[in-house]
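Quick notes on the structure that follows.
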Amino acid sequence: MEWWTHLWLNEGFASWIEYLCVDHCFPEYDIWTQFVSADYTRAQELDALDNSHPIEVSVGHPSEVDEIFDAISYSKGASVIRMLHDYIGDKDFKKGMNMYLTKFQQKNAATDDLFLTLHSPNLNIFALILNQYWSAVAGSQLTASSASRVEDDRLLRLSQKKFCAGGSYVGEDCPQWMVPITISTSEDPNQAKLKILMDKPEMNVVLKNVKPDQWVKLNLGTVGFYRTQYSSAMLESLLPGIRDLSLPPVDRLGLQNDLFSLARAGIISTVEVLKVMEAFVNEPNYTVWSDLSCNLGILSTLLSHTDFYEEIQEFVKDVFSPIGERLGWDPKPGEGHLDALLRGLVLGKLGKAGHKATLEEARRRFKDHVEGKQILSADLRSPVYLTVLKHGDGTTLDIMLKLHKQADMQEEKNRIERVLGATLLPDLIQKVLTFALSEEVRPQDTVSVIGGVAGGSKHGRKAAWKFIKDNWEELYNRYQGGFLISRLIKLSVEGFAVDKMAGEVKAFFESHPAPSAERTIQQCCENILLNAAWLKRDAESIHQYLLQRKASLPTV
């Protein structure tokens, strides 16, 4: 790279190419679905904040460099490269990359140097990208509705506007994007029925020979870097595609994630998302469950600020119980690594939510593990540790700390450190925080322990924040100038959902500056305000839905 402004040339491409290589060598891993969960959605989440930054960002001082090693440079860079590769086509993309690498070998390069070599017949890629995905913040939000039918054809009405975490952008200076759009139908879910370039605020699209009972899905493969909002009728027609798995995994994931983000932004109701989540009753895919689990975790954290937290835990148990019963506790012949990951994810979710059968089995297996009768497999340790700690006492924590001390592999120590924060009792929470700064924990791993406490419960979050303030000098001296200080701040405060906490966090860091984490602090304060607005807006409707749902379920 010519200068730090072009950091994405290193990191965006590195992030994209690692998935490309894995997909080439191990297509059975379905790695691009994992990319959408790990990178694409993460980039969209950060991109939608007011305190985000473009892929290209001017860097004028060394302290600013650390701040751009984030999900925008890495994950948004990789996501837009993936969209470009798909739009240009593999052959022309490779040709352009070959020209670029040959021309600038042993030299430095800037973004423009790359774009001027990426070309395709009749496509001005430079015009498509420049001043859009690279130089601006936040992509677009597409709204799709089925307008009418003419014989066997279906007319779709599309509109676009800028998507912001605080809601759809309103203003005269709203940017318009050139958005590559692919549309698929239930007739052939894995192939694009139509590919178009949307270059205006609104447009009508005609889909030829689409039957009334066929669903229509935008953004095949979840490749385009934009959010999609469907009309109620179009969304309803997509639910059978989730239930019968005819909608591909990556599109099931993308649909759910878009809805969740639209709900958090206040564009749709969170109740709509909960109804869609219930359609995943037959879902077999680890990565889809992982993303759904993450979003339910965010919602659970939000509702920990209410008096109906237990109701959302009942919802979690209902959603995860069917897949938990199908998987069981023990590996089955012919399983792949994704099945093992899914088992750990599901059991951890059920155990944390207090699912009775899961809790009993976790305690039994933990006892056998501690006594040396039956050592837990690596895949089951995290969910079992998490479950027994969440519903355990001081004796359980003491046993876990003893296991940590005895562990001869750093992997096991880290595994234990990440779950210690699940403990709920105030005195045990303090014990874990004190442990975080002890010599038993490597300095770089202290962040995971404190972050685990903050994410473990409402009480843990308050205790972790107080602990950071009380020990700020030691923590800052330990991590200043690196990315760990930003990670520590983010993990510790992002779960708050009260307006005044944003002011408290801002005030603390005004009197205790952390130059390399300034943007992170701004983003955290923005997220706290967004959480507070979300809670005020949707808490009552969520509560009523959970109560009505509970009343309609058969009693056991």
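We name chains A, B, ... following the order of the structure tokens; residues begin at 1 in each chain, and ligands are numbered from 1 as shown.
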Practice item. Give me the residues within 12 Å of Ser486 (chain A) as an NGL selection string, counting only C-alpha atoms and dropping any in the same chain fewer than 2 places off. Key: :A and (66-70 or 447 or 451 or 475-476 or 479-484 or 488-494 or 514-524)
Point to revise | Test item: residues at most 12 Å from Asp307 (chain A), only C-alpha atoms, excluding those fewer than 3 positions along its chain, as a PyMOL selection string | key: chain A and resi 300+302-304+310-312+458+539-540+543
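Residues in contact range of region 438-444 of chain A, defined as at most 10 Å between only C-alpha atoms, with sequence neighbours fewer than 3 positions away removed, read Leu401, His404, Lys405, Gln410, Lys413, Asn414, Glu417, Val432, Leu433, Thr434, Phe435, Val447, Ser448, Val449, Leu475, Arg478, Tyr479 and Leu484 of chain A.
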Who sits within 8 Å of region 266-274 of chain A, only C-alpha atoms, same chain under 3 positions skipped, as a compact mmCIF listing (two decimals) with all heavy atoms, in the first residue's frame:
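Result saved to result_34.txt:
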```txt
# COMPACT_ATOMS: atom_id res chain seq x y z
N GLY A 166 -29.74 3.82 13.06
CA GLY A 166 -30.80 4.51 13.76
C GLY A 166 -32.08 4.66 12.96
O GLY A 166 -33.00 5.35 13.36
N GLY A 167 -32.15 3.99 11.81
CA GLY A 167 -33.33 4.07 10.95
C GLY A 167 -32.97 4.51 9.55
O GLY A 167 -31.85 4.96 9.29
N SER A 168 -33.91 4.40 8.62
CA SER A 168 -33.65 4.78 7.23
C SER A 168 -33.27 6.26 7.16
O SER A 168 -33.86 7.10 7.84
CB SER A 168 -34.88 4.53 6.37
OG SER A 168 -35.22 3.16 6.39
N GLN A 256 -32.69 -13.61 7.59
CA GLN A 256 -32.88 -13.43 9.03
C GLN A 256 -32.05 -12.26 9.55
O GLN A 256 -32.52 -11.46 10.36
CB GLN A 256 -32.51 -14.74 9.75
CG GLN A 256 -32.54 -14.71 11.25
CD GLN A 256 -31.17 -14.36 11.85
OE1 GLN A 256 -31.08 -13.67 12.86
NE2 GLN A 256 -30.10 -14.82 11.23
N LEU A 259 -33.52 -8.85 8.55
CA LEU A 259 -34.70 -8.54 9.35
C LEU A 259 -34.31 -8.06 10.75
O LEU A 259 -34.89 -7.10 11.29
CB LEU A 259 -35.61 -9.76 9.44
CG LEU A 259 -36.38 -10.13 8.18
CD1 LEU A 259 -37.06 -11.48 8.35
CD2 LEU A 259 -37.40 -9.07 7.82
N PHE A 260 -33.33 -8.74 11.34
CA PHE A 260 -32.90 -8.37 12.69
C PHE A 260 -32.35 -6.94 12.70
O PHE A 260 -32.66 -6.15 13.60
CB PHE A 260 -31.85 -9.36 13.19
CG PHE A 260 -31.47 -9.16 14.63
CD1 PHE A 260 -32.26 -9.66 15.65
CD2 PHE A 260 -30.32 -8.46 14.96
CE1 PHE A 260 -31.92 -9.45 16.98
CE2 PHE A 260 -29.96 -8.26 16.28
CZ PHE A 260 -30.77 -8.76 17.30
N LEU A 262 -33.01 -4.54 10.54
CA LEU A 262 -34.10 -3.61 10.27
C LEU A 262 -34.92 -3.36 11.53
O LEU A 262 -35.39 -2.25 11.78
CB LEU A 262 -35.00 -4.17 9.16
CG LEU A 262 -34.38 -4.19 7.75
CD1 LEU A 262 -35.21 -5.07 6.82
CD2 LEU A 262 -34.27 -2.78 7.18
N ALA A 263 -35.09 -4.42 12.35
CA ALA A 263 -35.83 -4.27 13.61
C ALA A 263 -35.05 -3.41 14.60
O ALA A 263 -35.62 -2.53 15.26
CB ALA A 263 -36.12 -5.65 14.21
N MET A 277 -37.93 -16.26 13.09
CA MET A 277 -37.01 -17.16 13.77
C MET A 277 -37.67 -18.50 14.08
O MET A 277 -37.02 -19.55 14.06
CB MET A 277 -36.48 -16.52 15.05
CG MET A 277 -35.43 -15.44 14.82
SD MET A 277 -34.88 -14.67 16.37
CE MET A 277 -33.45 -13.72 15.79
N GLU A 278 -38.96 -18.48 14.36
CA GLU A 278 -39.68 -19.72 14.65
C GLU A 278 -39.78 -20.64 13.43
O GLU A 278 -40.01 -21.83 13.57
CB GLU A 278 -41.08 -19.40 15.19
CG GLU A 278 -41.07 -18.78 16.57
CD GLU A 278 -42.46 -18.60 17.14
OE1 GLU A 278 -43.07 -17.55 16.89
OE2 GLU A 278 -42.92 -19.52 17.83
N TRP A 534 -34.24 1.26 21.05
CA TRP A 534 -34.84 -0.03 20.67
C TRP A 534 -35.71 -0.56 21.81
O TRP A 534 -36.84 -1.01 21.60
CB TRP A 534 -33.72 -0.99 20.32
CG TRP A 534 -34.11 -2.32 19.77
CD1 TRP A 534 -35.33 -2.70 19.28
CD2 TRP A 534 -33.25 -3.45 19.61
NE1 TRP A 534 -35.28 -4.00 18.83
CE2 TRP A 534 -34.02 -4.47 19.02
CE3 TRP A 534 -31.90 -3.68 19.91
CZ2 TRP A 534 -33.47 -5.74 18.74
CZ3 TRP A 534 -31.37 -4.93 19.61
CH2 TRP A 534 -32.15 -5.95 19.03
N ARG A 537 -38.88 1.45 22.26
CA ARG A 537 -39.78 1.30 21.10
C ARG A 537 -40.50 -0.06 21.08
O ARG A 537 -41.69 -0.15 20.82
CB ARG A 537 -38.95 1.49 19.83
CG ARG A 537 -39.72 1.51 18.54
CD ARG A 537 -38.79 1.81 17.39
NE ARG A 537 -37.72 0.82 17.27
CZ ARG A 537 -36.42 1.09 17.39
NH1 ARG A 537 -36.02 2.32 17.65
NH2 ARG A 537 -35.50 0.14 17.26
N ASP A 538 -39.76 -1.14 21.39
CA ASP A 538 -40.29 -2.49 21.13
C ASP A 538 -40.51 -3.36 22.35
O ASP A 538 -41.07 -4.46 22.22
CB ASP A 538 -39.35 -3.23 20.17
CG ASP A 538 -39.61 -2.90 18.71
OD1 ASP A 538 -40.41 -1.98 18.47
OD2 ASP A 538 -39.01 -3.54 17.83
N SER A 541 -44.25 -4.52 22.97
CA SER A 541 -44.80 -5.41 21.94
C SER A 541 -44.14 -6.79 21.99
O SER A 541 -44.79 -7.81 21.78
CB SER A 541 -44.63 -4.79 20.54
OG SER A 541 -43.27 -4.58 20.23
N ILE A 542 -42.83 -6.83 22.29
CA ILE A 542 -42.14 -8.11 22.45
C ILE A 542 -42.73 -8.88 23.62
O ILE A 542 -43.01 -10.08 23.52
CB ILE A 542 -40.63 -7.90 22.67
CG1 ILE A 542 -39.96 -7.30 21.43
CG2 ILE A 542 -39.94 -9.23 23.03
CD1 ILE A 542 -38.52 -6.86 21.66
N TYR A 545 -46.15 -10.26 22.78
CA TYR A 545 -46.04 -11.40 21.86
C TYR A 545 -45.61 -12.66 22.60
O TYR A 545 -46.17 -13.75 22.38
CB TYR A 545 -45.04 -11.08 20.74
CG TYR A 545 -44.75 -12.28 19.85
CD1 TYR A 545 -45.69 -12.72 18.93
CD2 TYR A 545 -43.55 -12.97 19.94
CE1 TYR A 545 -45.44 -13.82 18.12
CE2 TYR A 545 -43.29 -14.07 19.15
CZ TYR A 545 -44.25 -14.49 18.23
OH TYR A 545 -44.00 -15.59 17.45
```
Practice item. May I have all residues of region 205-387 of chain A that DSSP, computed from the backbone, assigns to alpha helix (DSSP H), given as an NGL selection string? Key: :A and (232-243 or 249-264 or 270-277 or 286-303 or 309-327 or 337-353 or 356-370 or 378-387)
